[in-house]
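Asker: Next comes coords-v3.pdb, PDB, C-alpha atoms:
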```pdb
MODEL        1
ATOM      1  CA  MET D  82       0.000   0.000   0.000
ATOM      2  CA  SER D  83       1.422   3.360  -1.003
ATOM      3  CA  SER D  84       1.923   6.182   1.479
ATOM      4  CA  SER D  85      -0.700   8.262  -0.337
ATOM      5  CA  SER D  86      -3.261   5.474   0.083
ATOM      6  CA  ARG D  87      -2.496   5.185   3.779
ATOM      7  CA  SER D  88      -2.950   8.914   4.254
ATOM      8  CA  VAL D  89      -6.344   8.782   2.563
ATOM      9  CA  ILE D  90      -7.424   5.910   4.835
ATOM     10  CA  VAL D  91      -6.180   7.710   7.948
ATOM     11  CA  ALA D  92      -7.974  10.886   6.896
ATOM     12  CA  ALA D  93     -11.168   8.928   6.290
ATOM     13  CA  LEU D  94     -10.920   7.319   9.717
ATOM     14  CA  LEU D  95     -10.429  10.701  11.356
ATOM     15  CA  VAL D  96     -13.467  12.111   9.595
ATOM     16  CA  PHE D  97     -15.517   9.062  10.587
ATOM     17  CA  VAL D  98     -14.446   9.354  14.244
ATOM     18  CA  MET D  99     -15.223  13.077  14.311
ATOM     19  CA  CYS D 100     -18.665  12.536  12.759
ATOM     20  CA  ALA D 101     -19.401   9.735  15.200
ATOM     21  CA  CYS D 102     -18.492  11.993  18.129
ATOM     22  CA  GLN D 103     -20.768  14.746  16.833
ATOM     23  CA  VAL D 104     -23.681  12.341  16.389
ATOM     24  CA  THR D 105     -23.120  10.923  19.884
ATOM     25  CA  SER D 106     -22.988  14.432  21.362
ATOM     26  CA  ARG D 107     -26.235  15.416  19.651
ATOM     27  CA  THR D 108     -27.886  12.208  20.865
ATOM     28  CA  LEU D 109     -26.793  12.851  24.441
ATOM     29  CA  ASN D 110     -27.981  16.462  24.263
ATOM     30  CA  GLN D 111     -31.322  15.298  22.874
ATOM     31  CA  GLU D 112     -31.727  12.748  25.662
ATOM     32  CA  THR D 113     -30.797  15.331  28.292
ATOM     33  CA  MET D 114     -33.289  17.800  26.842
ATOM     34  CA  LEU D 115     -36.016  15.130  26.778
ATOM     35  CA  GLN D 116     -35.360  14.365  30.445
ATOM     36  CA  GLN D 117     -35.412  18.071  31.290
ATOM     37  CA  HIS D 118     -38.709  18.478  29.451
ATOM     38  CA  GLN D 119     -40.242  15.529  31.322
ATOM     39  CA  GLN D 120     -39.111  16.978  34.645
ATOM     40  CA  TRP D 121     -40.493  20.380  33.655
ATOM     41  CA  MET D 122     -43.857  18.827  32.704
ATOM     42  CA  ALA D 123     -44.052  17.097  36.089
ATOM     43  CA  GLN D 124     -43.083  20.277  37.953
ATOM     44  CA  TYR D 125     -45.757  22.411  36.293
ATOM     45  CA  GLY D 126     -48.386  19.703  35.798
ATOM     46  CA  ARG D 127     -48.334  20.080  32.028
ATOM     47  CA  VAL D 128     -50.244  17.472  30.011
ATOM     48  CA  TYR D 129     -50.545  17.509  26.216
ATOM     49  CA  ARG D 130     -53.435  16.314  24.068
ATOM     50  CA  ASP D 131     -51.376  13.865  22.012
ATOM     51  CA  ASP D 132     -47.861  13.009  20.838
ATOM     52  CA  VAL D 133     -48.085  15.541  18.012
ATOM     53  CA  GLU D 134     -48.639  18.420  20.423
ATOM     54  CA  LYS D 135     -45.984  17.056  22.778
ATOM     55  CA  GLU D 136     -43.425  16.970  19.971
ATOM     56  CA  MET D 137     -44.305  20.516  18.927
ATOM     57  CA  ARG D 138     -44.056  21.799  22.509
ATOM     58  CA  PHE D 139     -40.790  19.940  23.027
ATOM     59  CA  LYS D 140     -39.232  21.739  20.064
ATOM     60  CA  ILE D 141     -40.372  25.102  21.428
ATOM     61  CA  PHE D 142     -39.115  24.135  24.887
ATOM     62  CA  SER D 143     -35.721  23.128  23.476
ATOM     63  CA  ASN D 144     -35.332  26.379  21.553
ATOM     64  CA  ASN D 145     -36.247  28.410  24.624
ATOM     65  CA  VAL D 146     -33.847  26.494  26.885
ATOM     66  CA  GLU D 147     -31.022  27.010  24.394
ATOM     67  CA  TYR D 148     -31.800  30.740  24.245
ATOM     68  CA  ILE D 149     -31.867  31.022  28.046
ATOM     69  CA  GLU D 150     -28.555  29.185  28.431
ATOM     70  CA  SER D 151     -26.924  31.235  25.671
ATOM     71  CA  PHE D 152     -28.125  34.473  27.257
ATOM     72  CA  ASN D 153     -26.929  33.538  30.748
ATOM     73  CA  ASN D 154     -23.527  32.364  29.473
ATOM     74  CA  ALA D 155     -22.829  35.691  27.797
ATOM     75  CA  ARG D 156     -20.780  38.223  29.728
ATOM     76  CA  ASN D 157     -21.951  41.479  31.280
ATOM     77  CA  ARG D 158     -25.637  40.649  31.361
ATOM     78  CA  PRO D 159     -27.469  42.893  33.862
ATOM     79  CA  TYR D 160     -30.017  40.185  34.691
ATOM     80  CA  LYS D 161     -30.597  36.439  34.432
ATOM     81  CA  LEU D 162     -33.192  34.291  32.703
ATOM     82  CA  SER D 163     -34.513  30.925  33.860
ATOM     83  CA  VAL D 164     -36.762  28.110  32.662
ATOM     84  CA  ASN D 165     -40.227  28.814  34.071
ATOM     85  CA  GLN D 166     -43.875  27.897  33.457
ATOM     86  CA  PHE D 167     -43.816  29.650  30.072
ATOM     87  CA  ALA D 168     -40.957  27.575  28.647
ATOM     88  CA  ASP D 169     -43.067  25.632  26.120
ATOM     89  CA  GLN D 170     -44.667  28.761  24.651
ATOM     90  CA  THR D 171     -43.469  30.902  21.779
ATOM     91  CA  ASN D 172     -43.112  34.586  22.526
ATOM     92  CA  GLU D 173     -46.102  35.265  20.266
ATOM     93  CA  GLU D 174     -48.252  32.903  22.361
ATOM     94  CA  PHE D 175     -46.988  34.473  25.576
ATOM     95  CA  LYS D 176     -47.872  37.976  24.380
ATOM     96  CA  ALA D 177     -51.284  36.971  23.030
ATOM     97  CA  ALA D 178     -52.338  35.288  26.281
ATOM     98  CA  ARG D 179     -51.016  37.752  28.848
ATOM     99  CA  ASN D 180     -50.671  41.261  27.496
ATOM    100  CA  GLY D 181     -54.100  42.556  28.489
ATOM    101  CA  PHE D 182     -53.065  46.206  28.702
ATOM    102  CA  LYS D 183     -54.144  48.263  25.698
ATOM    103  CA  VAL D 184     -52.261  51.462  24.942
ATOM    104  CA  PRO D 185     -54.903  54.206  24.804
ATOM    105  CA  SER D 186     -55.361  56.176  21.606
ATOM    106  CA  ASP D 187     -55.268  59.415  23.643
ATOM    107  CA  LEU D 188     -52.681  59.368  26.419
ATOM    108  CA  GLU D 189     -53.841  62.670  27.867
ATOM    109  CA  SER D 190     -56.805  62.847  30.233
ATOM    110  CA  THR D 191     -58.804  65.837  31.384
ATOM    111  CA  ARG D 192     -59.448  64.190  34.760
ATOM    112  CA  ALA D 193     -55.831  63.389  35.640
ATOM    113  CA  THR D 194     -54.514  65.893  38.191
ATOM    114  CA  PRO D 195     -50.929  67.254  38.471
ATOM    115  CA  PHE D 196     -48.363  65.141  40.316
ATOM    116  CA  ARG D 197     -48.911  66.032  43.968
ATOM    117  CA  TYR D 198     -45.771  64.525  45.551
ATOM    118  CA  GLU D 199     -43.194  66.321  43.386
ATOM    119  CA  LYS D 200     -41.587  68.157  46.339
ATOM    120  CA  ARG D 201     -41.677  65.283  48.822
ATOM    121  CA  ASP D 202     -38.308  64.489  50.418
ATOM    122  CA  CYS D 203     -37.186  61.031  49.280
ATOM    123  CA  ASN D 204     -35.419  60.462  52.609
ATOM    124  CA  SER D 205     -38.802  59.972  54.241
ATOM    125  CA  VAL D 206     -40.039  57.588  51.574
ATOM    126  CA  GLN D 207     -38.696  54.351  53.104
ATOM    127  CA  HIS D 208     -40.569  54.921  56.363
ATOM    128  CA  GLY D 209     -43.731  55.632  54.428
ATOM    129  CA  LEU D 210     -43.335  52.428  52.467
ATOM    130  CA  GLU D 211     -42.963  50.328  55.612
ATOM    131  CA  GLU D 212     -46.010  51.907  57.233
ATOM    132  CA  LYS D 213     -48.240  51.509  54.206
ATOM    133  CA  ARG D 214     -47.139  47.982  53.352
ATOM    134  CA  ARG D 215     -49.193  46.518  56.196
ATOM    135  CA  GLY D 216     -52.652  45.177  55.395
ATOM    136  CA  TYR D 217     -52.760  46.188  51.741
ATOM    137  CA  PRO D 218     -54.211  44.186  48.841
ATOM    138  CA  GLY D 219     -51.879  41.471  47.601
ATOM    139  CA  GLN D 220     -50.628  40.715  44.108
ATOM    140  CA  ARG D 221     -53.341  40.676  41.450
ATOM    141  CA  SER D 222     -52.965  39.089  38.031
ATOM    142  CA  ARG D 223     -55.548  37.595  35.686
ATOM    143  CA  SER D 224     -53.886  37.712  32.256
ATOM    144  CA  MET D 225     -56.044  39.656  29.788
ATOM    145  CA  ARG D 226     -58.122  41.070  32.644
ATOM    146  CA  CYS D 227     -55.037  42.423  34.431
ATOM    147  CA  TRP D 228     -56.130  45.994  33.681
ATOM    148  CA  ALA D 229     -59.335  45.506  35.710
ATOM    149  CA  PHE D 230     -57.507  43.830  38.619
ATOM    150  CA  SER D 231     -54.894  46.593  38.656
ATOM    151  CA  THR D 232     -57.620  49.243  38.741
ATOM    152  CA  ILE D 233     -59.474  47.533  41.582
ATOM    153  CA  ALA D 234     -56.345  46.778  43.655
ATOM    154  CA  ALA D 235     -55.286  50.438  43.528
ATOM    155  CA  THR D 236     -58.807  51.518  44.476
ATOM    156  CA  GLU D 237     -58.938  49.056  47.384
ATOM    157  CA  GLY D 238     -55.603  50.398  48.601
ATOM    158  CA  ILE D 239     -56.592  54.056  48.572
ATOM    159  CA  ILE D 240     -59.889  53.225  50.311
ATOM    160  CA  GLN D 241     -57.915  51.379  52.999
ATOM    161  CA  ILE D 242     -55.683  54.432  53.477
ATOM    162  CA  THR D 243     -58.561  56.867  53.812
ATOM    163  CA  THR D 244     -60.998  54.734  55.845
ATOM    164  CA  GLY D 245     -58.839  52.115  57.553
ATOM    165  CA  LYS D 246     -61.024  49.386  56.040
ATOM    166  CA  LEU D 247     -59.836  46.893  53.430
ATOM    167  CA  ILE D 248     -62.876  46.164  51.244
ATOM    168  CA  SER D 249     -62.746  43.575  48.460
ATOM    169  CA  LEU D 250     -64.216  45.307  45.407
ATOM    170  CA  SER D 251     -65.623  43.916  42.166
ATOM    171  CA  GLU D 252     -63.349  43.362  39.169
ATOM    172  CA  GLN D 253     -66.236  41.702  37.343
ATOM    173  CA  GLU D 254     -68.291  44.901  37.402
ATOM    174  CA  ILE D 255     -65.561  46.710  35.483
ATOM    175  CA  VAL D 256     -65.122  43.794  33.050
ATOM    176  CA  ASP D 257     -68.876  43.660  32.341
ATOM    177  CA  CYS D 258     -69.916  47.300  32.552
ATOM    178  CA  ASP D 259     -66.958  49.389  31.377
ATOM    179  CA  LYS D 260     -67.312  49.155  27.604
ATOM    180  CA  THR D 261     -65.425  52.241  26.497
ATOM    181  CA  SER D 262     -63.578  52.215  23.187
ATOM    182  CA  GLU D 263     -60.337  51.055  24.786
ATOM    183  CA  ASP D 264     -61.678  48.614  27.377
ATOM    184  CA  GLN D 265     -62.924  45.281  26.051
ATOM    185  CA  GLY D 266     -63.410  43.156  29.147
ATOM    186  CA  CYS D 267     -61.483  39.900  28.895
ATOM    187  CA  GLU D 268     -59.887  41.060  25.630
ATOM    188  CA  GLY D 269     -57.861  43.709  27.426
ATOM    189  CA  GLY D 270     -58.230  47.303  28.500
ATOM    190  CA  TYR D 271     -56.701  50.368  30.101
ATOM    191  CA  MET D 272     -56.575  51.173  33.805
ATOM    192  CA  GLU D 273     -57.254  54.882  33.343
ATOM    193  CA  ASP D 274     -60.604  54.056  31.749
ATOM    194  CA  GLY D 275     -61.291  51.751  34.698
ATOM    195  CA  PHE D 276     -60.813  54.661  37.101
ATOM    196  CA  GLU D 277     -62.982  56.836  34.846
ATOM    197  CA  PHE D 278     -65.731  54.212  35.035
ATOM    198  CA  ILE D 279     -65.705  54.189  38.851
ATOM    199  CA  ILE D 280     -65.865  57.998  38.939
ATOM    200  CA  LYS D 281     -68.680  58.292  36.385
ATOM    201  CA  ASN D 282     -70.596  55.421  38.006
ATOM    202  CA  LYS D 283     -70.244  57.213  41.370
ATOM    203  CA  GLY D 284     -68.731  54.099  42.946
ATOM    204  CA  ILE D 285     -68.244  50.348  42.670
ATOM    205  CA  ASN D 286     -69.792  47.263  44.246
ATOM    206  CA  THR D 287     -68.073  44.685  46.446
ATOM    207  CA  GLU D 288     -66.630  41.395  45.236
ATOM    208  CA  ALA D 289     -69.360  39.576  47.169
ATOM    209  CA  GLY D 290     -72.099  41.701  45.605
ATOM    210  CA  TYR D 291     -70.808  41.358  42.044
ATOM    211  CA  PRO D 292     -68.579  38.234  42.125
ATOM    212  CA  TYR D 293     -65.803  37.402  39.686
ATOM    213  CA  GLN D 294     -66.747  35.005  36.847
ATOM    214  CA  ALA D 295     -63.505  34.845  34.806
ATOM    215  CA  ALA D 296     -65.458  35.685  31.634
ATOM    216  CA  ASP D 297     -67.180  38.593  29.928
ATOM    217  CA  GLY D 298     -70.791  38.971  30.973
ATOM    218  CA  THR D 299     -73.756  41.277  30.543
ATOM    219  CA  CYS D 300     -73.637  44.265  32.860
ATOM    220  CA  ASN D 301     -75.823  43.698  35.913
ATOM    221  CA  THR D 302     -77.261  47.194  36.214
ATOM    222  CA  LYS D 303     -78.894  46.417  39.555
ATOM    223  CA  GLU D 304     -75.580  45.459  41.182
ATOM    224  CA  GLU D 305     -73.779  48.212  39.266
ATOM    225  CA  SER D 306     -75.918  50.760  41.102
ATOM    226  CA  VAL D 307     -74.717  49.484  44.506
ATOM    227  CA  HIS D 308     -71.714  51.518  45.670
ATOM    228  CA  ALA D 309     -69.458  50.160  48.418
ATOM    229  CA  ALA D 310     -66.612  52.565  47.637
ATOM    230  CA  LYS D 311     -65.885  55.506  45.371
ATOM    231  CA  ILE D 312     -63.033  57.709  44.193
ATOM    232  CA  SER D 313     -63.106  61.321  43.064
ATOM    233  CA  GLY D 314     -60.055  61.355  40.813
ATOM    234  CA  TYR D 315     -56.601  60.021  40.003
ATOM    235  CA  GLU D 316     -53.298  61.333  38.711
ATOM    236  CA  LYS D 317     -50.540  60.227  36.387
ATOM    237  CA  VAL D 318     -47.005  59.674  37.641
ATOM    238  CA  PRO D 319     -44.478  61.443  35.373
ATOM    239  CA  ALA D 320     -43.234  58.992  32.761
ATOM    240  CA  ASN D 321     -39.794  57.364  33.092
ATOM    241  CA  SER D 322     -39.115  58.878  36.516
ATOM    242  CA  GLU D 323     -38.124  56.386  39.209
ATOM    243  CA  LYS D 324     -37.956  59.226  41.736
ATOM    244  CA  ALA D 325     -41.560  60.203  41.034
ATOM    245  CA  LEU D 326     -42.672  56.572  41.233
ATOM    246  CA  LEU D 327     -40.885  56.151  44.574
ATOM    247  CA  GLN D 328     -42.555  59.274  45.934
ATOM    248  CA  GLU D 329     -45.949  58.020  44.792
ATOM    249  CA  VAL D 330     -45.781  54.469  46.171
ATOM    250  CA  ALA D 331     -44.663  55.829  49.542
ATOM    251  CA  ASN D 332     -48.024  57.554  49.815
ATOM    252  CA  GLN D 333     -50.568  55.422  48.005
ATOM    253  CA  PRO D 334     -51.026  52.482  45.604
ATOM    254  CA  VAL D 335     -49.945  52.889  41.990
ATOM    255  CA  SER D 336     -51.463  51.108  39.015
ATOM    256  CA  VAL D 337     -48.589  50.180  36.692
ATOM    257  CA  SER D 338     -48.391  48.675  33.218
ATOM    258  CA  ILE D 339     -45.191  47.078  31.911
ATOM    259  CA  ASP D 340     -44.083  46.256  28.369
ATOM    260  CA  ALA D 341     -43.864  42.479  28.742
ATOM    261  CA  SER D 342     -43.612  41.673  25.044
ATOM    262  CA  GLY D 343     -39.965  40.612  24.873
ATOM    263  CA  ALA D 344     -38.609  37.081  25.273
ATOM    264  CA  ASP D 345     -36.342  38.282  28.081
ATOM    265  CA  PHE D 346     -39.361  39.349  30.131
ATOM    266  CA  GLN D 347     -40.993  35.981  29.442
ATOM    267  CA  PHE D 348     -38.083  34.195  31.150
ATOM    268  CA  TYR D 349     -36.820  36.933  33.479
ATOM    269  CA  SER D 350     -35.522  35.544  36.775
ATOM    270  CA  SER D 351     -33.397  38.055  38.684
TER     271      SER D 351
ENDMDL
END
```
Would you mind giving the structure from this file in structure tokens?
Answerer:
Amino acid sequence: MSSSSRSVIVAALLVFVMCACQVTSRTLNQETMLQQHQQWMAQYGRVYRDDVEKEMRFKIFSNNVEYIESFNNARNRPYKLSVNQFADQTNEEFKAARNGFKVPSDLESTRATPFRYEKRDCNSVQHGLEEKRRGYPGQRSRSMRCWAFSTIAATEGIIQITTGKLISLSEQEIVDCDKTSEDQGCEGGYMEDGFEFIIKNKGINTEAGYPYQAADGTCNTKEESVHAAKISGYEKVPANSEKALLQEVANQPVSVSIDASGADFQFYSS
């Protein structure tokens, strides 16, 4: 056998060994990802209709895990991502199911008053936060109805400040009865219009009087006319000002909307 023939054989063997290693690595990665997906399904109680859906969700899960790992392995990232309950959803699905806030066509309001805490000393803010943190409404989130829950939670908080009583108010009344151009019940809405509804309606019923149904319904005008609490106005916090936001939350609840459309927000951890 000539030396040139031997070199060709050696080269072929090297290529074969390298290809075999790559195939083995991909197989191991696939098996590891399958195990991770199974563990994730068990952790979050996820069950799919059939093998077709499971395969589709597995591919989405794999792509998301790879993105999360790639992001976290990069240097100088100001935050971390992690695999969470949204890991088998595309970003389009995540946005469609959970972004219930609708940007209003007219951002200015004639009812919104000037920012009242502009001159408040920020050194006194921390004490105010600690005092007002006790007994307030907890976290509220109901996907596309988040605008209504945010409106009601802020209203419950300000009523608690002014009266000392924490009253559970009706999100369903706003979902059913506030049908302004921007607010569309379970299809999303805008908190400012929710506050406008409470003002124009001269109050809002309790949760017990107009209970939550997790669906759009016909406005119950009889219960809508029952007023357990009311507000006379609201104000807008100056945009993009953390100082103004800090001053505001030290004094009363704030209804906040966040742009949650990006993939990083979908998997944000810390």
Asker: Contacts of Ile233 in chain D at 8 Å or less, counting all atoms listed in the file, minus same-chain residues fewer than 6 places along, as a list in words?
Answerer: Leu250, Ser251 and Glu252 of chain D
Asker: Tell me, as a PyMOL selection string, which residues lie within 12 Å of Arg127 in chain D, counting only C-alpha atoms; anything in the same chain fewer than 2 positions away does not count.
Answerer: chain D and resi 118-125+129-130+134-135+138-139+166-170
Asker: Given 4 Å of margin on each side, can you work out the centre and size in Å (one decimal) of an axis-aligned box holding every listed atom of range 329-333 of chain D, as JSON?
Answerer:
```
{"center_x": -47.6, "center_y": 56.2, "center_z": 47.3, "size_x": 13.9, "size_y": 11.6, "size_z": 13.0}
```
Asker: Which residue, D:Pro319, D:Asn145, D:Val128, D:Ile242, has the smallest gap to Asn165 in chain D when you use only C-alpha atoms?
Answerer: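 Ranking D:Pro319, D:Asn145, D:Val128, D:Ile242 by distance to Asn165 in chain D, first place goes to D:Asn145.
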Asker: When you count all atoms listed in the file, which of these residues is closest to Gln347 in chain D: D:Asn286, D:Ser163, D:Gln117, D:Asn144?
Answerer: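 When distances to Gln347 in chain D are compared using all atoms listed in the file, the smallest one comes from D:Ser163.
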Asker: Where does the PyMOL selection byres ((chain D and resi 154-161) around 9) land in this file, that is, which residues does it pick, as a list in words?
Answerer: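 Checked against the file, the PyMOL selection byres ((chain D and resi 154-161) around 9) matches Ile149, Glu150, Ser151, Phe152, Asn153, Leu162, Ser163, Asp345, Phe348, Tyr349, Ser350 and Ser351 of chain D.
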Asker: What does the distance between CA of Ala309 in chain D and CA of Arg226 in chain D come to in Å, to one decimal place?
Answerer: 21.4 Å
Asker: Kindly give the distance, in Å, that separates CA of Ile312 in chain D and CA of Ala325 in chain D, rounded to a single decimal.
Answerer: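 About the pair CA of Ile312 in chain D and CA of Ala325 in chain D: they are 21.8 Å apart.
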Asker: What is the distance, in Å and to one decimal place, between CA of Gly298 in chain D and CA of Ile280 in chain D?
Answerer: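 The value is 21.2 Å.
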Asker: Quick one: of D:Asp257, D:Glu323, D:Glu273, D:Glu316, who's nearest to Tyr291 in chain D, counting only C-alpha atoms?
Answerer: D:Asp257
